[in-house]
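Q: Here you go, query-v6.txt (compact mmCIF, C-alpha atoms):
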# COMPACT_ATOMS: atom_id res chain seq x y z
CA MET A 1 0.00 0.00 0.00
CA ALA A 2 1.33 3.37 -1.01
CA LYS A 3 2.12 5.77 1.86
CA VAL A 4 -0.15 8.83 2.01
CA PRO A 5 1.88 12.04 2.24
CA ASP A 6 1.56 13.85 5.57
CA VAL A 7 0.26 17.25 4.52
CA PHE A 8 0.60 18.69 7.99
CA GLU A 9 4.21 17.55 8.18
CA ASP A 10 4.90 19.42 4.94
CA LEU A 11 3.24 22.52 6.33
CA LYS A 12 5.35 22.31 9.45
CA ASN A 13 8.46 22.19 7.30
CA CYS A 14 7.28 25.23 5.38
CA TYR A 15 6.32 27.26 8.45
CA SER A 16 8.72 26.75 11.33
CA GLU A 17 8.30 28.38 14.75
CA ASN A 18 10.65 31.23 13.84
CA GLU A 19 11.48 31.20 10.17
CA GLU A 20 13.90 33.66 8.62
CA TYR A 21 13.78 34.77 5.01
CA SER A 22 16.98 36.27 3.69
CA SER A 23 17.66 38.29 0.60
CA ASP A 24 21.11 38.75 -0.80
CA ALA A 25 20.00 41.91 -2.61
CA ASP A 26 18.87 43.98 0.36
CA GLN A 27 20.30 41.96 3.28
CA LEU A 28 16.96 42.14 5.10
CA SER A 29 15.49 39.42 7.27
CA LEU A 30 11.91 38.91 8.28
CA ASN A 31 10.93 36.87 11.33
CA GLN A 32 7.60 35.12 10.92
CA LYS A 33 5.68 33.38 13.66
CA SER A 34 4.39 29.90 13.29
CA PHE A 35 1.42 29.14 11.08
CA TYR A 36 -0.16 27.55 14.12
CA ASP A 37 0.58 30.51 16.43
CA THR A 38 -2.46 32.55 15.42
CA SER A 39 -2.87 36.03 16.91
CA TYR A 40 -6.64 36.12 16.55
CA ASP A 41 -7.94 33.69 19.17
CA THR A 42 -11.22 35.54 19.58
CA LEU A 43 -13.02 32.98 21.73
CA HIS A 44 -11.60 31.31 24.82
CA GLU A 45 -13.57 28.82 26.87
CA ASP A 46 -14.06 29.86 30.44
CA HIS A 47 -15.28 27.95 33.48
CA GLY A 48 -19.03 27.63 34.04
CA GLY A 49 -19.89 27.18 30.36
CA LYS A 50 -19.05 30.81 29.50
CA LEU A 51 -17.03 32.06 26.60
CA ARG A 52 -14.81 35.10 26.81
CA SER A 53 -14.45 37.24 23.69
CA LEU A 54 -11.56 39.66 23.39
CA GLY A 55 -11.19 42.43 20.86
CA THR A 56 -7.37 41.90 20.75
CA SER A 57 -5.06 38.90 21.07
CA GLU A 58 -3.48 37.63 24.26
CA ALA A 59 0.00 37.39 22.78
CA SER A 60 1.65 38.11 26.13
CA LYS A 61 0.87 38.28 29.83
CA MET A 62 0.30 42.03 29.52
CA SER A 63 -1.04 43.59 26.34
CA GLN A 64 -1.28 47.28 25.50
CA LEU A 65 -4.43 48.28 23.68
CA THR A 66 -3.57 51.04 21.27
CA PHE A 67 -7.16 51.88 20.43
CA LYS A 68 -10.46 51.75 22.26
CA GLU A 69 -11.69 48.16 22.44
CA SER A 70 -14.59 46.28 23.95
CA VAL A 71 -14.23 43.27 26.25
CA VAL A 72 -17.33 41.09 25.94
CA VAL A 73 -18.33 38.09 28.05
CA LEU A 74 -20.56 35.59 26.25
CA ALA A 75 -22.57 32.62 27.51
CA ALA A 76 -22.32 29.28 25.73
CA ASP A 77 -25.47 30.08 23.77
CA GLY A 78 -23.95 33.32 22.51
CA LYS A 79 -25.87 35.67 24.83
CA VAL A 80 -23.92 38.75 25.87
CA LEU A 81 -23.50 38.69 29.64
CA LYS A 82 -21.07 41.56 30.21
CA LYS A 83 -19.55 44.27 28.10
CA ARG A 84 -16.77 46.61 29.16
CA ARG A 85 -15.20 49.51 27.34
CA LEU A 86 -11.44 50.04 27.57
CA SER A 87 -9.73 53.40 27.11
CA PHE A 88 -6.84 54.38 24.87
CA ASP A 89 -3.42 52.98 25.85
CA GLN A 90 -4.85 51.06 28.79
CA PHE A 91 -2.79 48.14 30.09
CA ILE A 92 -4.73 45.01 30.97
CA THR A 93 -3.52 41.63 32.21
CA ASP A 94 -5.00 38.15 32.13
CA GLU A 95 -5.93 38.60 35.80
CA ASP A 96 -7.87 41.76 34.91
CA LEU A 97 -9.77 39.91 32.18
CA GLU A 98 -10.52 37.06 34.58
CA ALA A 99 -11.79 39.53 37.18
CA ILE A 100 -14.08 41.19 34.61
CA ALA A 101 -15.48 37.81 33.54
CA ASN A 102 -16.15 36.67 37.12
CA ASP A 103 -17.42 39.99 38.43
CA THR A 104 -21.13 39.66 39.19
CA LYS A 105 -21.56 43.33 40.08
CA GLU A 106 -21.54 45.72 37.16
CA GLU A 107 -20.73 49.39 37.59
CA PRO A 108 -23.80 51.46 36.71
CA ILE A 109 -23.48 54.13 34.06
CA GLN A 110 -23.96 57.49 35.73
CA PRO A 111 -25.86 59.99 33.59
CA HIS A 112 -24.54 63.52 33.28
CA LEU A 113 -27.00 65.71 35.10
CA ALA A 114 -27.64 69.23 33.92
CA PRO A 115 -26.30 71.74 36.43
CA VAL A 116 -28.90 73.25 38.70
CA SER A 117 -29.28 76.97 38.27
CA PHE A 118 -26.88 78.48 40.77
CA GLN A 119 -29.11 81.50 41.32
CA SER A 120 -32.00 79.40 42.67
CA SER A 121 -29.69 77.82 45.27
CA MET A 122 -28.02 81.08 46.33
CA LYS A 123 -28.67 82.71 49.65
CA TYR A 124 -28.63 86.51 49.72
CA SER A 125 -27.95 88.10 53.10
CA PHE A 126 -28.96 91.65 53.94
CA MET A 127 -26.03 94.00 54.48
CA LYS A 128 -27.37 97.55 54.88
CA VAL A 129 -29.45 100.31 53.33
CA ILE A 130 -27.15 102.17 50.95
CA LYS A 131 -29.54 104.83 49.59
CA GLN A 132 -32.54 106.52 51.14
CA GLN A 133 -35.28 108.68 49.69
CA CYS A 134 -33.85 108.52 46.16
CA ILE A 135 -35.82 109.14 42.96
CA LEU A 136 -35.56 107.14 39.73
CA SER A 137 -35.82 109.19 36.54
CA ASP A 138 -35.62 107.78 33.00
CA THR A 139 -33.95 109.29 29.91
CA LEU A 140 -37.15 111.20 29.06
CA SER A 141 -36.90 112.95 32.46
CA GLN A 142 -39.90 110.99 33.66
CA SER A 143 -39.99 110.04 37.32
CA LEU A 144 -41.78 107.06 38.87
CA ILE A 145 -45.11 107.65 40.59
CA ARG A 146 -47.92 105.43 41.90
CA ASP A 147 -50.75 104.74 39.47
CA THR A 148 -54.36 105.51 40.39
CA SER A 149 -54.91 102.02 41.82
CA GLY A 150 -51.86 102.32 44.04
CA GLN A 151 -50.76 98.76 43.12
CA TYR A 152 -48.36 99.65 40.31
CA LEU A 153 -45.90 102.31 39.19
CA MET A 154 -45.82 104.46 36.11
CA ALA A 155 -43.53 107.14 34.67
CA ALA A 156 -44.56 110.75 34.35
CA ALA A 157 -42.93 114.13 33.74
CA LEU A 158 -43.19 116.10 36.97
CA ASN A 159 -42.70 119.76 37.72
CA ASP A 160 -42.61 119.01 41.44
CA LEU A 161 -40.33 116.08 42.31
CA ASN A 162 -41.95 115.86 45.73
CA GLN A 163 -44.74 113.99 43.95
CA ALA A 164 -42.33 111.29 42.79
CA VAL A 165 -42.05 107.97 44.55
CA LYS A 166 -38.94 107.78 46.70
CA PHE A 167 -37.02 104.56 47.24
CA ASP A 168 -34.73 103.04 49.83
CA MET A 169 -32.13 100.75 48.31
CA GLY A 170 -31.03 97.76 50.40
CA ALA A 171 -27.79 95.98 49.59
CA TYR A 172 -27.33 92.20 49.84
CA ILE A 173 -24.29 89.97 49.69
CA THR A 174 -23.80 86.36 48.62
CA ASP A 175 -21.02 83.80 48.68
CA GLU A 176 -20.87 83.82 44.88
CA ASP A 177 -19.08 86.46 42.84
CA SER A 178 -22.02 88.32 41.31
CA PRO A 179 -23.04 91.91 40.50
CA PHE A 180 -24.50 94.06 43.25
CA PRO A 181 -27.92 92.67 44.36
CA VAL A 182 -30.33 95.20 45.86
CA THR A 183 -33.97 95.61 46.84
CA LEU A 184 -36.05 98.69 46.05
CA ARG A 185 -38.53 99.59 48.77
CA ILE A 186 -40.84 102.58 48.66
CA SER A 187 -39.61 104.79 51.48
CA GLU A 188 -41.57 104.73 54.74
CA THR A 189 -43.63 101.74 53.57
CA ARG A 190 -43.26 97.96 53.46
CA LEU A 191 -43.80 97.81 49.69
CA PHE A 192 -40.99 96.25 47.64
CA LEU A 193 -40.67 96.16 43.86
CA SER A 194 -41.22 92.60 42.63
CA ALA A 195 -40.19 91.54 39.11
CA GLN A 196 -42.64 89.67 36.88
CA ASN A 197 -42.51 88.14 33.40
CA GLU A 198 -41.59 90.10 30.29
CA ASP A 199 -43.92 93.03 29.52
CA GLU A 200 -45.83 92.45 32.77
CA PRO A 201 -46.14 95.32 35.29
CA VAL A 202 -43.77 95.37 38.23
CA LEU A 203 -45.71 94.54 41.37
CA LEU A 204 -45.55 96.29 44.71
CA LYS A 205 -45.25 93.46 47.20
CA GLU A 206 -45.86 94.09 50.87
CA MET A 207 -43.43 92.42 53.25
CA PRO A 208 -43.64 92.42 57.05
CA GLU A 209 -40.07 93.74 57.23
CA THR A 210 -36.88 94.02 55.21
CA PRO A 211 -35.85 90.40 54.56
CA LYS A 212 -32.68 89.50 56.44
CA ALA A 213 -32.02 86.64 54.02
CA ILE A 214 -33.48 85.90 50.59
CA LYS A 215 -33.34 82.49 48.92
CA ASP A 216 -36.70 81.83 47.28
CA GLU A 217 -38.15 85.36 46.98
CA THR A 218 -35.62 86.37 44.31
CA ASN A 219 -38.29 88.46 42.52
CA LEU A 220 -37.48 91.10 45.12
CA LEU A 221 -33.82 91.27 44.08
CA PHE A 222 -32.28 93.28 41.25
CA LEU A 223 -28.69 93.39 40.08
CA TRP A 224 -27.73 97.05 40.13
CA GLU A 225 -25.35 98.05 37.34
CA SER A 226 -24.05 101.61 37.12
CA HIS A 227 -22.36 103.10 34.07
CA GLY A 228 -21.70 106.78 34.67
CA THR A 229 -25.09 108.42 35.22
CA LYS A 230 -26.95 105.43 33.76
CA ASN A 231 -28.26 102.83 36.17
CA TYR A 232 -29.79 99.48 35.29
CA PHE A 233 -31.77 97.10 37.48
CA LYS A 234 -31.73 93.54 36.17
CA SER A 235 -33.97 90.95 37.76
CA VAL A 236 -32.27 88.11 39.64
CA ALA A 237 -35.27 85.84 39.02
CA GLN A 238 -35.46 86.87 35.32
CA PRO A 239 -31.82 87.54 34.37
CA LYS A 240 -32.65 88.85 30.88
CA LEU A 241 -35.21 91.39 32.04
CA PHE A 242 -34.76 94.92 33.40
CA ILE A 243 -37.02 97.39 35.16
CA ALA A 244 -38.33 99.54 32.30
CA THR A 245 -40.60 102.42 31.44
CA LYS A 246 -42.57 103.35 28.34
CA GLN A 247 -44.80 106.33 27.65
CA GLU A 248 -48.39 105.87 28.86
CA GLN A 249 -47.59 102.40 30.22
CA LEU A 250 -46.97 100.95 33.64
CA VAL A 251 -43.46 100.26 34.85
CA HIS A 252 -42.74 96.75 33.60
CA MET A 253 -40.04 94.18 32.84
CA ALA A 254 -38.33 94.36 29.43
CA ARG A 255 -35.18 93.27 27.61
CA GLY A 256 -34.51 96.71 26.16
CA GLN A 257 -35.82 98.96 23.42
CA PRO A 258 -38.41 100.19 22.68
CA SER A 259 -38.71 100.28 26.47
CA ILE A 260 -36.35 102.48 28.50
CA THR A 261 -34.19 100.47 30.89
CA ASP A 262 -31.65 103.05 32.13
CA PHE A 263 -32.33 105.42 34.99
CA GLN A 264 -30.75 108.34 36.71
CA ILE A 265 -30.71 108.19 40.51
CA LEU A 266 -31.57 111.51 42.09
CA GLU A 267 -30.36 111.70 45.66
CA ASN A 268 -32.57 113.30 48.29
CA ARG A 269 -31.27 116.70 49.32
CA PRO A 270 -33.10 118.26 52.28
The structure given in the file should be rewritten as structure tokens.

A:
Amino acid sequence: MAKVPDVFEDLKNCYSENEEYSSDADQLSLNQKSFYDTSYDTLHEDHGGKLRSLGTSEASKMSQLTFKESVVVLAADGKVLKKRRLSFDQFITDEDLEAIANDTKEEPIQPHLAPVSFQSSMKYSFMKVIKQQCILSDTLSQSLIRDTSGQYLMAAALNDLNQAVKFDMGAYITDEDSPFPVTLRISETRLFLSAQNEDEPVLLKEMPETPKAIKDETNLLFLWESHGTKNYFKSVAQPKLFIATKQEQLVHMARGQPSITDFQILENRP
């Protein structure tokens, strides 16, 4: 009987464990690993009937992943049991892979929460009254007066400024670095200006006393900005809105023109 050639023996002769190819022309040598030493062993049997799938080969005890890879743990039926994401240039050993496969407690993915508005969590503490009996006058030389109902304010040109509403300005401080927060109270009353929505009239809110601390009632607070003789009062509760006037309209909240948002502060002179 003729002897059947051993194909695998021939292959072994062709592909040795470390075969060198030489070239007399360029004197270069190339080391090639064995045909049987494959570098893509994607599935390895694990204990408990599980299969471990790796995105890269386990050519050595410690492998460096040069790009982001997934480590997936599969059951025998192919069901994905665990999946981990590895970062760039992360070193991982066989012990690490074994720990991932045997870890029964997965780390939950924490969602990125939107930051809570810092203004709603601020606490504003009363410092002192910085102005008393002052008058607010707009660029049309209109001063603020009470309307006929007494619940709102309006702007009017006055010959006698004694008819104008006078305000006491209370200063507040906060732990955060912010512009100067103040309250505007009608002098000798307990009525404070309270900001509303855009184009809505500013309310006169009665308080039992000057608040020593403000956290929730931020409608009472305005960020006072002064540029020369121009003064602006921006709402803390509505940061895009300013105290504003307009001819034949009540004092209201507005972003800017056509409303007038800058005022001159006239100090009381006895």

Q: Go ahead and compute the interatomic distance for atom CA of A:Gln163 and atom CA of A:Arg146, in Å to one decimal.

A: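 Distance between the two atoms: 9.4 Å.
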
Q: Restricting the calculation to all atoms listed in the file: of A:Met122, A:Ile130, A:Ala244, A:Leu193, which residue gets closest to A:Met207?

A: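 Using all atoms listed in the file, A:Met207 sits closest to A:Leu193.
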
Q: If I put a ball of radius 6 Å at (-35.8, 103.6, 45.0) in the file's coordinates, which residues poke into it when counting all atoms listed in the file, written as a PyMOL selection string?

A: chain A and resi 134-135+166-169+184

Q: From (-29.7, 93.2, 47.1), in the file's coordinates, out to 6 Å: which residues are reached, counting only C-alpha atoms? Answer as a VMD selection string.

A: chain A and resid 170 to 172 181 to 183 221

Q: Fewer than 4 positions away in the same chain doesn't count, so skip those; otherwise give me all residues within 8 Å of A:Thr174, counting all atoms listed in the file, as a ChimeraX atom specification.

A: /A:122-125,178

Q: What is the distance between atom CA of A:Glu198 and atom CA of A:Ile243, in Å to one decimal?

A: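 Distance between the two atoms: 9.9 Å.
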
Q: Write out as a VMD selection string each polymer residue whose atoms come within 12 Å of A:Lys230, counting all atoms listed in the file; drop sequence neighbours fewer than 5 positions from it.

A: chain A and resid 136 to 139 224 to 225 260 to 266

Q: Those selected residues, please, written with C-alpha atoms and delivered as a compact mmCIF listing (two decimals), keeping the file's coordinate frame.

A:
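Contents of part-v1.txt, as written:
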# COMPACT_ATOMS: atom_id res chain seq x y z
CA LEU A 136 -35.56 107.14 39.73
CA SER A 137 -35.82 109.19 36.54
CA ASP A 138 -35.62 107.78 33.00
CA THR A 139 -33.95 109.29 29.91
CA TRP A 224 -27.73 97.05 40.13
CA GLU A 225 -25.35 98.05 37.34
CA ILE A 260 -36.35 102.48 28.50
CA THR A 261 -34.19 100.47 30.89
CA ASP A 262 -31.65 103.05 32.13
CA PHE A 263 -32.33 105.42 34.99
CA GLN A 264 -30.75 108.34 36.71
CA ILE A 265 -30.71 108.19 40.51
CA LEU A 266 -31.57 111.51 42.09

Q: Give me, please, the distance in Å between atom CA of A:Leu241 and atom CA of A:Leu140, quoted to one decimal.

A: 20.1 Å

Q: Can you take the partial stretch 129-140 of chain A, add all heavy atoms, and return it as a compact mmCIF listing (two decimals), keeping the file's coordinate frame?

A:
# COMPACT_ATOMS: atom_id res chain seq x y z
N VAL A 129 -28.80 99.39 54.25
CA VAL A 129 -29.45 100.31 53.33
C VAL A 129 -28.40 101.30 52.82
O VAL A 129 -27.73 101.97 53.62
CB VAL A 129 -30.61 101.07 54.02
CG1 VAL A 129 -31.19 102.10 53.08
CG2 VAL A 129 -31.68 100.09 54.47
N ILE A 130 -28.23 101.35 51.51
CA ILE A 130 -27.15 102.17 50.95
C ILE A 130 -27.66 103.49 50.36
O ILE A 130 -26.87 104.42 50.16
CB ILE A 130 -26.37 101.38 49.88
CG1 ILE A 130 -27.31 100.85 48.79
CG2 ILE A 130 -25.58 100.25 50.51
CD1 ILE A 130 -26.58 100.16 47.65
N LYS A 131 -28.96 103.57 50.07
CA LYS A 131 -29.54 104.83 49.59
C LYS A 131 -30.92 104.99 50.21
O LYS A 131 -31.67 104.02 50.34
CB LYS A 131 -29.64 104.85 48.06
CG LYS A 131 -28.29 104.95 47.33
CD LYS A 131 -28.49 105.06 45.83
CE LYS A 131 -27.15 105.13 45.11
NZ LYS A 131 -26.39 106.37 45.45
N GLN A 132 -31.24 106.21 50.55
CA GLN A 132 -32.54 106.52 51.14
C GLN A 132 -33.18 107.70 50.42
O GLN A 132 -32.50 108.63 49.99
CB GLN A 132 -32.40 106.84 52.63
CG GLN A 132 -32.01 105.65 53.48
CD GLN A 132 -31.92 106.02 54.96
OE1 GLN A 132 -31.27 107.00 55.32
NE2 GLN A 132 -32.60 105.26 55.80
N GLN A 133 -34.49 107.59 50.26
CA GLN A 133 -35.28 108.68 49.69
C GLN A 133 -34.74 109.13 48.32
O GLN A 133 -34.70 110.32 48.00
CB GLN A 133 -35.29 109.88 50.65
CG GLN A 133 -35.85 109.61 52.02
CD GLN A 133 -37.37 109.69 52.06
OE1 GLN A 133 -37.98 110.53 51.39
NE2 GLN A 133 -37.98 108.84 52.86
N CYS A 134 -34.36 108.17 47.49
CA CYS A 134 -33.85 108.52 46.16
C CYS A 134 -34.97 108.39 45.12
O CYS A 134 -35.94 107.65 45.30
CB CYS A 134 -32.66 107.65 45.78
SG CYS A 134 -33.01 105.89 45.64
N ILE A 135 -34.83 109.11 44.02
CA ILE A 135 -35.82 109.14 42.96
C ILE A 135 -35.22 108.53 41.70
O ILE A 135 -34.05 108.79 41.37
CB ILE A 135 -36.27 110.60 42.68
CG1 ILE A 135 -36.96 111.18 43.92
CG2 ILE A 135 -37.19 110.68 41.47
CD1 ILE A 135 -37.27 112.68 43.79
N LEU A 136 -36.00 107.73 41.00
CA LEU A 136 -35.56 107.14 39.73
C LEU A 136 -36.20 107.92 38.58
O LEU A 136 -37.42 108.06 38.49
CB LEU A 136 -35.97 105.67 39.65
CG LEU A 136 -35.36 104.74 40.72
CD1 LEU A 136 -35.81 103.30 40.48
CD2 LEU A 136 -33.85 104.83 40.74
N SER A 137 -35.35 108.41 37.68
CA SER A 137 -35.82 109.19 36.54
C SER A 137 -35.25 108.58 35.26
O SER A 137 -34.04 108.29 35.18
CB SER A 137 -35.36 110.65 36.69
OG SER A 137 -35.74 111.43 35.58
N ASP A 138 -36.10 108.41 34.23
CA ASP A 138 -35.62 107.78 33.00
C ASP A 138 -35.02 108.83 32.05
O ASP A 138 -34.94 110.01 32.37
CB ASP A 138 -36.73 106.97 32.33
CG ASP A 138 -37.90 107.82 31.85
OD1 ASP A 138 -37.75 109.06 31.76
OD2 ASP A 138 -38.98 107.25 31.55
N THR A 139 -34.63 108.39 30.87
CA THR A 139 -33.95 109.29 29.91
C THR A 139 -34.89 110.35 29.33
O THR A 139 -34.42 111.30 28.69
CB THR A 139 -33.33 108.47 28.78
OG1 THR A 139 -34.34 107.64 28.18
CG2 THR A 139 -32.21 107.57 29.30
N LEU A 140 -36.19 110.18 29.51
CA LEU A 140 -37.15 111.20 29.06
C LEU A 140 -37.50 112.16 30.19
O LEU A 140 -38.49 112.91 30.09
CB LEU A 140 -38.42 110.53 28.53
CG LEU A 140 -38.25 109.63 27.31
CD1 LEU A 140 -39.60 109.03 26.90
CD2 LEU A 140 -37.64 110.40 26.14
